[in-house]
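J.: So here's structure11.tsv, just TSV, C-alpha atoms:
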chain	number	residue	atom	x	y	z
B	1	MET	CA	-36.13	11.46	-7.98
B	2	THR	CA	-37.97	12.27	-4.77
B	3	LYS	CA	-37.88	10.11	-1.67
B	4	PRO	CA	-39.90	11.36	1.31
B	5	LEU	CA	-38.59	10.36	4.72
B	6	ASN	CA	-40.31	7.33	6.23
B	7	ARG	CA	-40.60	8.03	9.96
B	8	ARG	CA	-41.03	4.33	10.88
B	9	GLN	CA	-38.03	3.20	8.92
B	10	PHE	CA	-35.99	6.24	9.92
B	11	SER	CA	-35.46	5.38	13.59
B	12	ALA	CA	-34.63	1.78	12.79
B	13	GLY	CA	-32.01	2.77	10.25
B	14	LEU	CA	-30.49	5.56	12.32
B	15	ALA	CA	-28.09	3.34	14.25
B	16	LEU	CA	-26.61	2.11	10.97
B	17	ALA	CA	-26.19	5.60	9.51
B	18	PRO	CA	-22.65	6.29	10.78
B	19	LEU	CA	-21.38	2.95	9.44
B	20	ALA	CA	-23.16	3.46	6.14
B	21	ALA	CA	-21.79	6.94	5.76
B	22	GLY	CA	-18.32	5.77	6.65
B	23	GLY	CA	-18.52	2.98	4.11
B	24	LEU	CA	-19.48	5.38	1.37
B	25	LEU	CA	-16.31	7.37	1.85
B	26	THR	CA	-13.74	4.61	2.19
B	27	GLY	CA	-13.86	2.82	-1.17
B	28	CYS	CA	-12.06	3.64	-4.38
B	29	SER	CA	-13.94	6.92	-4.61
B	30	LYS	CA	-14.86	9.39	-1.90
B	31	ILE	CA	-17.95	10.30	-3.91
B	32	PRO	CA	-20.99	8.12	-3.11
B	33	ASP	CA	-23.23	6.71	-5.83
B	34	THR	CA	-26.25	8.65	-4.53
B	35	ILE	CA	-26.21	12.19	-3.14
B	36	LYS	CA	-29.08	13.29	-0.93
B	37	ILE	CA	-30.31	16.88	-1.06
B	38	GLY	CA	-32.80	17.96	1.60
B	39	VAL	CA	-35.82	20.07	0.73
B	40	ALA	CA	-37.65	21.47	3.75
B	41	GLN	CA	-40.76	23.50	2.97
B	42	PRO	CA	-44.39	23.81	4.13
B	43	LEU	CA	-46.01	20.97	2.18
B	44	SER	CA	-49.30	21.08	4.08
B	45	GLY	CA	-51.45	23.89	5.45
B	46	PRO	CA	-52.18	27.37	4.07
B	47	LEU	CA	-48.71	27.82	2.52
B	48	SER	CA	-48.52	24.38	0.93
B	49	ALA	CA	-48.90	25.70	-2.62
B	50	LEU	CA	-45.81	27.85	-2.16
B	51	GLY	CA	-43.83	25.09	-0.48
B	52	GLN	CA	-44.79	22.55	-3.13
B	53	ASP	CA	-43.76	25.01	-5.83
B	54	LEU	CA	-40.30	25.33	-4.29
B	55	LEU	CA	-40.05	21.54	-4.09
B	56	ASN	CA	-41.16	21.26	-7.71
B	57	GLY	CA	-38.36	23.58	-8.78
B	58	VAL	CA	-35.77	21.35	-7.13
B	59	ASN	CA	-37.34	18.20	-8.58
B	60	LEU	CA	-37.34	19.65	-12.09
B	61	ALA	CA	-33.67	20.65	-11.89
B	62	MET	CA	-32.68	17.34	-10.36
B	63	ALA	CA	-34.47	15.34	-13.06
B	64	GLU	CA	-32.59	17.30	-15.73
B	65	LEU	CA	-29.24	16.85	-14.02
B	66	ASN	CA	-29.73	13.12	-13.56
B	67	LYS	CA	-30.82	12.75	-17.17
B	68	ALA	CA	-27.69	14.61	-18.28
B	69	ASN	CA	-25.47	12.08	-16.42
B	70	TYR	CA	-24.40	14.47	-13.69
B	71	SER	CA	-20.95	13.66	-12.33
B	72	ILE	CA	-18.55	14.86	-9.66
B	73	ASP	CA	-14.78	14.45	-10.00
B	74	GLY	CA	-15.36	12.18	-12.98
B	75	LYS	CA	-17.83	9.90	-11.22
B	76	ARG	CA	-21.42	9.54	-12.42
B	77	VAL	CA	-23.78	10.02	-9.47
B	78	THR	CA	-27.52	10.08	-8.83
B	79	LEU	CA	-29.09	13.06	-7.08
B	80	GLU	CA	-31.98	12.31	-4.74
B	81	VAL	CA	-34.41	14.63	-2.94
B	82	MET	CA	-35.25	14.04	0.70
B	83	ALA	CA	-38.44	16.08	1.11
B	84	VAL	CA	-39.86	17.03	4.53
B	85	ASP	CA	-42.82	19.13	5.60
B	86	ASP	CA	-41.96	21.90	8.07
B	87	LYS	CA	-45.64	22.98	8.28
B	88	ALA	CA	-44.47	26.63	8.34
B	89	ASP	CA	-43.81	26.04	12.05
B	90	ALA	CA	-40.48	26.63	13.80
B	91	ALA	CA	-40.73	23.66	16.19
B	92	THR	CA	-41.67	21.29	13.39
B	93	GLY	CA	-38.94	22.81	11.26
B	94	LYS	CA	-36.31	22.04	13.88
B	95	ALA	CA	-37.51	18.44	14.13
B	96	VAL	CA	-37.41	17.80	10.38
B	97	ALA	CA	-34.10	19.65	10.06
B	98	GLN	CA	-32.58	17.16	12.48
B	99	GLN	CA	-34.08	14.33	10.44
B	100	LEU	CA	-32.36	15.64	7.34
B	101	VAL	CA	-29.05	15.98	9.15
B	102	ASP	CA	-29.33	12.44	10.50
B	103	ALA	CA	-30.22	11.17	7.03
B	104	GLY	CA	-26.90	12.46	5.72
B	105	VAL	CA	-27.99	15.19	3.31
B	106	VAL	CA	-25.22	17.18	1.64
B	107	ALA	CA	-27.22	20.42	1.52
B	108	VAL	CA	-30.71	21.73	2.29
B	109	ILE	CA	-32.95	23.94	0.18
B	110	GLY	CA	-35.22	25.43	2.81
B	111	HIS	CA	-37.12	27.02	4.34
B	112	LEU	CA	-39.86	29.35	3.08
B	113	ASN	CA	-40.66	31.13	6.35
B	114	SER	CA	-38.01	33.33	7.94
B	115	GLY	CA	-38.89	32.23	11.46
B	116	VAL	CA	-38.35	28.60	10.49
B	117	SER	CA	-35.11	29.30	8.61
B	118	ILE	CA	-33.66	31.24	11.53
B	119	GLU	CA	-34.50	28.51	14.05
B	120	THR	CA	-33.16	25.68	11.90
B	121	ALA	CA	-29.97	27.38	10.72
B	122	PRO	CA	-27.91	26.42	13.81
B	123	ILE	CA	-28.89	22.75	13.32
B	124	TYR	CA	-27.51	22.72	9.79
B	125	GLY	CA	-24.61	24.97	10.75
B	126	ALA	CA	-23.43	22.60	13.47
B	127	GLN	CA	-22.79	20.00	10.76
B	128	GLU	CA	-21.52	22.60	8.23
B	129	ILE	CA	-24.42	21.77	5.87
B	130	PRO	CA	-25.21	24.62	3.44
B	131	GLN	CA	-28.77	25.92	3.75
B	132	ILE	CA	-30.26	27.79	0.79
B	133	ALA	CA	-33.44	29.65	1.78
B	134	ILE	CA	-35.91	31.95	0.10
B	135	SER	CA	-36.62	33.57	3.50
B	136	THR	CA	-36.09	37.33	3.52
B	137	ASN	CA	-35.54	38.36	7.17
B	138	PRO	CA	-32.03	39.87	7.47
B	139	LYS	CA	-31.45	37.98	10.74
B	140	PHE	CA	-31.11	34.73	8.79
B	141	THR	CA	-27.69	35.72	7.46
B	142	GLN	CA	-26.69	37.58	10.64
B	143	LEU	CA	-26.35	34.48	12.83
B	144	GLY	CA	-22.58	34.22	12.36
B	145	LEU	CA	-22.89	30.97	10.39
B	146	SER	CA	-21.02	30.27	7.17
B	147	THR	CA	-23.79	27.93	6.02
B	148	THR	CA	-26.66	30.39	5.41
B	149	PHE	CA	-27.39	31.35	1.80
B	150	ARG	CA	-30.34	33.44	0.57
B	151	MET	CA	-31.90	33.01	-2.87
B	152	VAL	CA	-33.38	36.52	-3.15
B	153	ALA	CA	-33.08	40.05	-1.78
B	154	ASN	CA	-33.68	40.56	1.93
B	155	ASP	CA	-36.25	42.66	3.78
B	156	SER	CA	-33.84	45.56	4.23
B	157	LEU	CA	-33.67	46.15	0.48
B	158	GLN	CA	-37.42	45.63	0.13
B	159	ALA	CA	-38.13	48.13	2.91
B	160	ARG	CA	-35.97	50.69	1.12
B	161	ALA	CA	-37.83	49.93	-2.10
B	162	ILE	CA	-41.21	50.52	-0.45
B	163	GLY	CA	-40.15	53.77	1.17
B	164	SER	CA	-38.22	55.08	-1.81
B	165	PHE	CA	-40.90	54.30	-4.38
B	166	ALA	CA	-43.70	55.68	-2.18
B	167	ALA	CA	-41.76	58.88	-1.56
B	168	SER	CA	-40.63	59.52	-5.12
B	169	GLN	CA	-43.48	58.32	-7.31
B	170	PHE	CA	-46.69	59.48	-5.66
B	171	GLY	CA	-46.04	63.16	-4.94
B	172	SER	CA	-47.81	62.81	-1.61
B	173	SER	CA	-47.11	64.26	1.80
B	174	ARG	CA	-49.23	62.27	4.25
B	175	TYR	CA	-48.53	58.57	4.77
B	176	ALA	CA	-49.81	55.76	6.95
B	177	ALA	CA	-47.74	52.69	7.89
B	178	LEU	CA	-49.72	49.51	8.61
B	179	ASP	CA	-48.47	46.04	9.57
B	180	ASP	CA	-49.88	42.59	10.39
B	181	GLY	CA	-48.08	42.13	13.71
B	182	THR	CA	-45.72	39.39	12.49
B	183	PRO	CA	-41.93	39.77	12.75
B	184	TYR	CA	-41.84	39.94	8.95
B	185	GLY	CA	-44.60	42.54	8.71
B	186	LYS	CA	-43.48	44.76	11.55
B	187	GLY	CA	-39.85	44.74	10.48
B	188	LEU	CA	-40.62	45.52	6.86
B	189	THR	CA	-43.04	48.31	7.75
B	190	GLU	CA	-40.63	49.89	10.24
B	191	GLY	CA	-37.93	49.85	7.57
B	192	ALA	CA	-40.26	51.47	5.03
B	193	ALA	CA	-41.31	54.14	7.55
B	194	ALA	CA	-37.64	54.88	8.30
B	195	GLN	CA	-36.96	55.31	4.57
B	196	LEU	CA	-39.92	57.67	4.23
B	197	LYS	CA	-38.59	59.73	7.12
B	198	ALA	CA	-35.14	59.82	5.51
B	199	GLU	CA	-36.78	61.21	2.37
B	200	LYS	CA	-38.60	63.92	4.36
B	201	ARG	CA	-42.04	62.34	4.13
B	202	GLU	CA	-44.43	62.39	7.09
B	203	VAL	CA	-45.98	59.21	8.49
B	204	VAL	CA	-49.07	60.64	10.18
B	205	LEU	CA	-50.59	57.31	11.21
B	206	ARG	CA	-48.82	54.15	12.43
B	207	GLU	CA	-51.01	51.10	13.19
B	208	SER	CA	-50.26	47.45	13.95
B	209	PHE	CA	-52.76	44.57	13.89
B	210	ASP	CA	-52.60	40.80	14.10
B	211	ASP	CA	-52.50	38.77	10.90
B	212	LYS	CA	-56.18	37.76	11.12
B	213	THR	CA	-57.93	41.12	11.66
B	214	VAL	CA	-60.52	42.02	9.02
B	215	ALA	CA	-62.60	44.61	10.92
B	216	PHE	CA	-61.23	47.88	9.62
B	217	ASP	CA	-64.06	50.40	9.93
B	218	ALA	CA	-62.23	52.19	12.76
B	219	LEU	CA	-58.97	52.27	10.79
B	220	ALA	CA	-60.75	53.62	7.71
B	221	ALA	CA	-62.16	56.46	9.82
B	222	LYS	CA	-58.69	57.25	11.20
B	223	LEU	CA	-57.18	57.30	7.70
B	224	LYS	CA	-59.85	59.73	6.55
B	225	GLU	CA	-59.48	61.95	9.61
B	226	ALA	CA	-55.70	62.09	9.19
B	227	GLY	CA	-55.98	62.90	5.49
B	228	VAL	CA	-53.74	59.99	4.52
B	229	GLU	CA	-52.85	59.88	0.83
B	230	VAL	CA	-50.65	56.77	0.73
B	231	MET	CA	-50.75	53.61	2.82
B	232	VAL	CA	-47.60	51.52	3.05
B	233	SER	CA	-48.68	48.15	4.31
B	234	THR	CA	-47.64	44.60	5.10
B	235	LEU	CA	-51.18	43.43	5.76
B	236	ASN	CA	-52.25	40.23	4.01
B	237	ASP	CA	-54.30	40.34	0.82
B	238	PHE	CA	-57.60	39.45	2.52
B	239	GLN	CA	-56.97	42.17	5.10
B	240	VAL	CA	-56.27	44.80	2.45
B	241	ILE	CA	-59.43	43.77	0.62
B	242	ALA	CA	-61.41	44.29	3.84
B	243	LEU	CA	-59.72	47.65	4.42
B	244	ILE	CA	-60.48	48.90	0.91
B	245	GLU	CA	-64.11	47.86	1.31
B	246	ALA	CA	-64.22	49.81	4.61
B	247	LEU	CA	-62.76	52.86	2.87
B	248	ARG	CA	-65.33	52.60	0.11
B	249	LYS	CA	-68.16	52.57	2.67
B	250	ILE	CA	-67.09	56.02	3.90
B	251	ASN	CA	-66.32	57.30	0.39
B	252	TYR	CA	-62.61	57.75	1.07
B	253	THR	CA	-61.00	56.12	-1.94
B	254	ARG	CA	-58.59	58.73	-3.28
B	255	VAL	CA	-55.70	56.92	-1.67
B	256	ARG	CA	-52.95	54.62	-2.89
B	257	LEU	CA	-51.66	51.46	-1.25
B	258	LEU	CA	-48.15	50.07	-1.57
B	259	GLY	CA	-47.66	46.66	0.02
B	260	GLY	CA	-45.27	43.77	0.28
B	261	ASP	CA	-45.40	40.24	-1.09
B	262	THR	CA	-48.57	39.43	0.83
B	263	VAL	CA	-50.74	41.58	-1.44
B	264	LYS	CA	-49.26	40.49	-4.74
B	265	THR	CA	-51.93	37.86	-5.31
B	266	THR	CA	-54.72	37.17	-7.78
B	267	ASP	CA	-57.32	37.72	-5.03
B	268	MET	CA	-56.51	41.44	-5.10
B	269	ILE	CA	-58.23	41.66	-8.48
B	270	LYS	CA	-61.49	41.80	-6.49
B	271	VAL	CA	-60.73	45.39	-5.43
B	272	SER	CA	-58.88	46.56	-8.52
B	273	GLY	CA	-59.97	50.10	-9.37
B	274	MET	CA	-61.71	50.75	-6.04
B	275	ILE	CA	-58.97	53.10	-4.82
B	276	GLU	CA	-56.54	55.42	-6.60
B	277	GLY	CA	-53.91	52.73	-7.02
B	278	ILE	CA	-52.70	49.40	-5.65
B	279	TYR	CA	-49.01	48.49	-5.77
B	280	ALA	CA	-46.87	45.68	-4.38
B	281	THR	CA	-43.18	45.06	-3.93
B	282	SER	CA	-41.46	41.70	-4.03
B	283	PRO	CA	-37.92	40.30	-3.96
B	284	VAL	CA	-39.30	37.21	-5.71
B	285	LEU	CA	-39.32	38.34	-9.32
B	286	GLU	CA	-41.57	36.38	-11.67
B	287	ALA	CA	-40.04	33.84	-14.01
B	288	LYS	CA	-41.56	35.62	-17.02
B	289	GLU	CA	-39.45	38.70	-16.23
B	290	PHE	CA	-36.26	36.87	-17.19
B	291	VAL	CA	-35.05	36.13	-20.72
B	292	ALA	CA	-34.96	32.39	-20.03
B	293	GLY	CA	-38.19	32.45	-18.06
B	294	ARG	CA	-40.45	31.35	-20.90
B	295	GLN	CA	-38.51	28.14	-21.46
B	296	PHE	CA	-38.63	27.37	-17.74
B	297	LEU	CA	-42.37	28.00	-17.59
B	298	GLU	CA	-42.98	25.63	-20.49
B	299	LYS	CA	-40.93	22.88	-18.84
B	300	TYR	CA	-42.58	23.44	-15.48
B	301	LEU	CA	-46.09	23.31	-16.96
B	302	GLU	CA	-45.28	20.12	-18.85
B	303	ALA	CA	-43.88	18.46	-15.72
B	304	PHE	CA	-46.47	19.53	-13.15
B	305	LYS	CA	-49.54	20.43	-15.28
B	306	LYS	CA	-49.88	23.84	-13.61
B	307	PRO	CA	-47.95	27.11	-13.57
B	308	PRO	CA	-45.55	28.02	-10.73
B	309	ALA	CA	-47.19	29.41	-7.61
B	310	TYR	CA	-44.28	31.42	-6.23
B	311	GLY	CA	-40.54	30.93	-6.48
B	312	GLY	CA	-40.00	27.56	-8.12
B	313	HIS	CA	-37.59	29.14	-10.57
B	314	TYR	CA	-35.38	30.27	-7.67
B	315	SER	CA	-35.21	26.79	-6.12
B	316	TYR	CA	-34.60	25.38	-9.62
B	317	ASP	CA	-31.67	27.77	-10.06
B	318	SER	CA	-30.44	27.04	-6.53
B	319	MET	CA	-30.23	23.34	-7.33
B	320	TYR	CA	-28.20	24.05	-10.44
B	321	VAL	CA	-25.78	26.32	-8.60
B	322	LEU	CA	-25.48	23.78	-5.77
B	323	SER	CA	-24.67	21.08	-8.33
B	324	ALA	CA	-21.93	23.32	-9.76
B	325	ALA	CA	-20.55	23.94	-6.27
B	326	MET	CA	-20.22	20.21	-5.64
B	327	GLN	CA	-18.37	19.83	-8.93
B	328	LYS	CA	-16.14	22.77	-8.07
B	329	ALA	CA	-15.39	21.28	-4.65
B	330	ARG	CA	-14.85	17.81	-6.18
B	331	SER	CA	-16.42	16.68	-2.95
B	332	VAL	CA	-19.79	16.15	-1.27
B	333	LYS	CA	-18.54	16.86	2.23
B	334	PRO	CA	-20.83	19.64	3.47
B	335	LYS	CA	-17.87	21.75	4.64
B	336	ASP	CA	-16.28	21.62	1.20
B	337	VAL	CA	-19.56	22.38	-0.56
B	338	THR	CA	-20.19	25.37	1.71
B	339	ALA	CA	-16.76	26.78	0.89
B	340	ALA	CA	-17.37	26.29	-2.82
B	341	MET	CA	-20.74	28.05	-2.55
B	342	HIS	CA	-19.06	31.14	-1.14
B	343	ALA	CA	-16.50	31.14	-3.95
B	344	ILE	CA	-18.76	30.40	-6.90
B	345	ASN	CA	-20.20	32.78	-9.46
B	346	GLY	CA	-22.91	30.33	-10.30
B	347	TYR	CA	-24.73	29.98	-13.58
B	348	ALA	CA	-28.46	30.09	-12.82
B	349	PRO	CA	-30.50	28.94	-15.85
B	350	VAL	CA	-33.47	31.27	-15.26
B	351	THR	CA	-32.29	34.26	-13.23
B	352	GLY	CA	-28.84	34.45	-14.83
B	353	THR	CA	-26.49	34.15	-11.87
B	354	MET	CA	-26.40	33.38	-8.18
B	355	THR	CA	-23.41	34.54	-6.18
B	356	TRP	CA	-23.15	35.21	-2.45
B	357	ASP	CA	-21.14	37.46	-0.18
B	358	ASP	CA	-19.41	36.19	2.95
B	359	LYS	CA	-22.68	36.25	4.94
B	360	GLY	CA	-24.66	34.46	2.27
B	361	GLU	CA	-26.55	37.42	0.78
B	362	GLN	CA	-27.17	37.53	-2.96
B	363	ARG	CA	-24.84	40.11	-4.49
B	364	TYR	CA	-27.19	41.20	-7.30
B	365	ALA	CA	-30.64	40.50	-5.86
B	366	ALA	CA	-33.34	42.95	-6.93
B	367	VAL	CA	-36.74	44.10	-5.69
B	368	GLY	CA	-39.56	44.73	-8.14
B	369	VAL	CA	-42.49	47.14	-7.81
B	370	TYR	CA	-45.76	46.05	-9.42
B	371	GLU	CA	-49.02	47.85	-10.14
B	372	LEU	CA	-52.42	46.16	-10.27
B	373	ARG	CA	-53.85	47.23	-13.62
B	374	ARG	CA	-56.49	45.73	-15.88
B	375	GLY	CA	-56.82	42.69	-13.67
B	376	SER	CA	-53.14	41.74	-13.49
B	377	TRP	CA	-49.90	42.74	-11.80
B	378	GLU	CA	-47.63	44.73	-14.11
B	379	LEU	CA	-43.98	45.43	-13.37
B	380	ARG	CA	-43.34	49.15	-12.93
B	381	MET	CA	-39.65	49.00	-12.08
B	382	ARG	CA	-37.02	46.85	-10.41
B	383	SER	CA	-33.62	47.59	-8.96
B	384	ASP	CA	-30.86	46.18	-6.79
B	385	ARG	CA	-29.84	49.69	-5.73
B	386	TRP	CA	-32.81	51.21	-3.90
Is it possible to express this structure as C-alpha cells?
T.:
Amino acid sequence: MTKPLNRRQFSAGLALAPLAAGGLLTGCSKIPDTIKIGVAQPLSGPLSALGQDLLNGVNLAMAELNKANYSIDGKRVTLEVMAVDDKADAATGKAVAQQLVDAGVVAVIGHLNSGVSIETAPIYGAQEIPQIAISTNPKFTQLGLSTTFRMVANDSLQARAIGSFAASQFGSSRYAALDDGTPYGKGLTEGAAAQLKAEKREVVLRESFDDKTVAFDALAAKLKEAGVEVMVSTLNDFQVIALIEALRKINYTRVRLLGGDTVKTTDMIKVSGMIEGIYATSPVLEAKEFVAGRQFLEKYLEAFKKPPAYGGHYSYDSMYVLSAAMQKARSVKPKDVTAAMHAINGYAPVTGTMTWDDKGEQRYAAVGVYELRRGSWELRMRSDRW
C-alpha cells in the first residue's frame, strides 16, 4: 500500500514520533505491525515518468509481499510505502530525505539522479538507514558510508563499455567526444575518452555544451573538417537529433554515434538511418532481456495499464532483496538491516541476484550496448567485464 506524506499532518505528528517509535519496540515483539519503506524519486517534472516507474516497481513488489503474508522473525507484518517527490533537485531531495528519516522509515529506495543521491546519502547515513539507488555516479558509493547501495552498474563501467566498444567494433581511427555539461555527462565522456586513449585511438575533437543546446551547425562543420568517423556522446536525445540533422544539411553522414542512456529513447527513431549507425549504452538492462522478464512485464502491465518506462524491474527486485535482508536480520532496526544487506546474496525475481560489495556496488552488474535498427533498439552485447 502507498501512503504519501501529508505535510500538514507531518509537523503536528513529529513531536509524538519518538514516543511512538519507542512504543513499537517495547512490547512483546520488537517488530512493529507496520514497516515503512521510503521511496524518493522525481514524481513531477520532466523525469516524472522514470520516477513513477521506479515507484511502481516498489509498489508491485510490496503488494505481492503483503498478499503472501510477509513476516519477520515469525511475526506477520504489513509493508507500507512512504512516497516523496524529490523533483530531481538536490535541495528538495535533502528536504524530503529528512521527512522520511523523521517518519521512521526502515530503508529508502531512492534516488534517480546521482546529484540528489549524493546529497541525501549523509542524511540517511547519519541514522544508518540503507539507501538503494539507481544513480550511477561512482561518487555515490565513495562517500565512506556503509548505507549506500547501487542497483545497477556505475558510470566507470559504462565509460569503459563506451570506449571499449567504440575502439574494437568500428575499425575507426578518428573520434570525437561530446558531452552535455552535466556532472554525469562530463564524467562519463571523460571516462570514455580515457578508454579510447588506452586502446590507442585518437580523439581529434573534444566539445562540451550545456544540456539545452540544439544549435549544432558549427559543431557539424568541425566534425567534417576533422574527419571524425565516430562520435562518443552523452548529449540528450533531442540534442543528438539536432546534431544529426545539422550533419545531414552538410552531407556528412558517414559517421557513427555511440551514446549513453540519454539517447536510448523512442524519439531517436526519428533519425534512424540518417547516419552510418546509432548506438547506445546503458547499465539499466531492459526487463525483456532477463528470463523472468516476461512474467514481470505481464504483471506490471496488468497493475499499471502501461509498460515500464525505465527501471521498475530494478526497484521491484530491490524491494524483494530488502525484504529478505530484514528477514535475515530478524530486525527492522536500520543498522541491522544495513549489515544484512552487505551480507546477503539476494534473490532478485527479475534480474536473478543482487549482491553488494563493502562499498555498496553491485558485484555482477552489467552494461549493455544497443543498436538502433528497424525502428527499435536491439541488444548487441552486454558484459560485466568491460
J.: If we count all atoms listed in the file and set the cut-off at 12 Å, which residues sit around B:Val203, ignoring sequence neighbours fewer than 2 positions away in its own chain? Please answer as a ChimeraX atom specification.
T.: /B:163,166-167,172-178,189-190,192-201,205-207,223,226-232
J.: Determine, counting only C-alpha atoms, which protein, DNA and RNA residues have an atom within 8 Å of an atom of stretch 309-325 of chain B; residues of the same chain fewer than 3 positions away are not included. Present the result as a ChimeraX atom specification.
T.: /B:49-50,53-62,109,132,134,151-152,284,286-287,296,328-329,337,340-341,344,346-351,354
J.: Next, write the just-selected residues to a file, as an mmCIF file, in the coordinates of the input, keeping C-alpha atoms as the atom set.
T.:
data_model
loop_
_atom_site.group_PDB
_atom_site.id
_atom_site.type_symbol
_atom_site.label_atom_id
_atom_site.label_comp_id
_atom_site.auth_asym_id
_atom_site.auth_seq_id
_atom_site.Cartn_x
_atom_site.Cartn_y
_atom_site.Cartn_z
ATOM 1 C CA ALA B 49 -48.900 25.700 -2.620
ATOM 2 C CA LEU B 50 -45.810 27.850 -2.160
ATOM 3 C CA ASP B 53 -43.760 25.010 -5.830
ATOM 4 C CA LEU B 54 -40.300 25.330 -4.290
ATOM 5 C CA LEU B 55 -40.050 21.540 -4.090
ATOM 6 C CA ASN B 56 -41.160 21.260 -7.710
ATOM 7 C CA GLY B 57 -38.360 23.580 -8.780
ATOM 8 C CA VAL B 58 -35.770 21.350 -7.130
ATOM 9 C CA ASN B 59 -37.340 18.200 -8.580
ATOM 10 C CA LEU B 60 -37.340 19.650 -12.090
ATOM 11 C CA ALA B 61 -33.670 20.650 -11.890
ATOM 12 C CA MET B 62 -32.680 17.340 -10.360
ATOM 13 C CA ILE B 109 -32.950 23.940 0.180
ATOM 14 C CA ILE B 132 -30.260 27.790 0.790
ATOM 15 C CA ILE B 134 -35.910 31.950 0.100
ATOM 16 C CA MET B 151 -31.900 33.010 -2.870
ATOM 17 C CA VAL B 152 -33.380 36.520 -3.150
ATOM 18 C CA VAL B 284 -39.300 37.210 -5.710
ATOM 19 C CA GLU B 286 -41.570 36.380 -11.670
ATOM 20 C CA ALA B 287 -40.040 33.840 -14.010
ATOM 21 C CA PHE B 296 -38.630 27.370 -17.740
ATOM 22 C CA LYS B 328 -16.140 22.770 -8.070
ATOM 23 C CA ALA B 329 -15.390 21.280 -4.650
ATOM 24 C CA VAL B 337 -19.560 22.380 -0.560
ATOM 25 C CA ALA B 340 -17.370 26.290 -2.820
ATOM 26 C CA MET B 341 -20.740 28.050 -2.550
ATOM 27 C CA ILE B 344 -18.760 30.400 -6.900
ATOM 28 C CA GLY B 346 -22.910 30.330 -10.300
ATOM 29 C CA TYR B 347 -24.730 29.980 -13.580
ATOM 30 C CA ALA B 348 -28.460 30.090 -12.820
ATOM 31 C CA PRO B 349 -30.500 28.940 -15.850
ATOM 32 C CA VAL B 350 -33.470 31.270 -15.260
ATOM 33 C CA THR B 351 -32.290 34.260 -13.230
ATOM 34 C CA MET B 354 -26.400 33.380 -8.180
#
J.: Please indicate the distance in Å from atom CA of B:Lys264 to atom CA of B:Gln131, rounded to one decimal place.
T.: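 That distance, rounded to one decimal, is 26.5 Å.
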J.: Considering only C-alpha atoms, can you say which of B:Arg294, B:Arg374, B:Arg254, B:Arg330 comes closest to B:Met268?
T.: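 Closest candidate: B:Arg374.
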J.: Measure the distance from atom CA of B:Asp85 to atom CA of B:Val39 in Å and round it to one decimal.
T.: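 Interatomic distance, atom CA of B:Asp85 to atom CA of B:Val39: 8.6 Å.
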J.: Would you mind reading off the distance between atom CA of B:Thr281 and atom CA of B:Ser168, one decimal, in Å?
T.: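 Going from atom CA of B:Thr281 over to atom CA of B:Ser168, I get 14.7 Å.
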J.: Is it possible to get the residues within 7 Å of (-44.8, 29.1, -16.2) (coordinates as in the file, counting all atoms listed in the file) written as number ranges by chain?
T.: B: 294, 296-298, 300-301, 307-308
J.: Any chance you could tabulate, as JSON lines, the residues of stretch 148-251 of chain B at most 9 Å from stretch 357-368 of chain B with each one's nearest atom pair and distance in Å to one decimal, using only C-alpha atoms, in chain and rising number order?
T.:
{"residue": "B:Thr148", "atom": "CA", "partner": "B:Gly360", "partner_atom": "CA", "distance": 5.5}
{"residue": "B:Phe149", "atom": "CA", "partner": "B:Gly360", "partner_atom": "CA", "distance": 4.2}
{"residue": "B:Arg150", "atom": "CA", "partner": "B:Glu361", "partner_atom": "CA", "distance": 5.5}
{"residue": "B:Met151", "atom": "CA", "partner": "B:Gln362", "partner_atom": "CA", "distance": 6.5}
{"residue": "B:Val152", "atom": "CA", "partner": "B:Ala365", "partner_atom": "CA", "distance": 5.5}
{"residue": "B:Ala153", "atom": "CA", "partner": "B:Ala365", "partner_atom": "CA", "distance": 4.8}
{"residue": "B:Asn154", "atom": "CA", "partner": "B:Glu361", "partner_atom": "CA", "distance": 7.9}
{"residue": "B:Leu157", "atom": "CA", "partner": "B:Val367", "partner_atom": "CA", "distance": 7.2}
{"residue": "B:Gln158", "atom": "CA", "partner": "B:Val367", "partner_atom": "CA", "distance": 6.1}
{"residue": "B:Ala161", "atom": "CA", "partner": "B:Val367", "partner_atom": "CA", "distance": 6.9}
J.: Might you pull out every residue within 6 Å of B:Gly51, with all atoms listed in the file counted and same-chain residues fewer than 4 positions away left off, and present them as a PDB file with C-alpha atoms, keeping the file's coordinate frame?
T.:
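Output (out.pdb):
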ATOM      1  CA  GLN B  41     -40.760  23.500   2.970  1.00  0.00           C
ATOM      2  CA  PRO B  42     -44.390  23.810   4.130  1.00  0.00           C
ATOM      3  CA  LEU B  43     -46.010  20.970   2.180  1.00  0.00           C
TER       4      LEU B  43
END
J.: From the options B:Ser156, B:Thr338, B:Asn113, B:Asn345, which residue's atoms come nearest to B:Glu128, counting all atoms listed in the file?
T.: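 Ranked by minimum distance to B:Glu128, first place goes to B:Thr338.
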J.: Quick one: residues within 10 Å of B:Arg248, only C-alpha atoms, excluding same-chain residues fewer than 5 positions away - as a list in words?
T.: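 Final neighbour list, sorted by chain and number: Ala220, Ala242, Leu243, Thr253, Arg254, Met274 and Ile275 of chain B.
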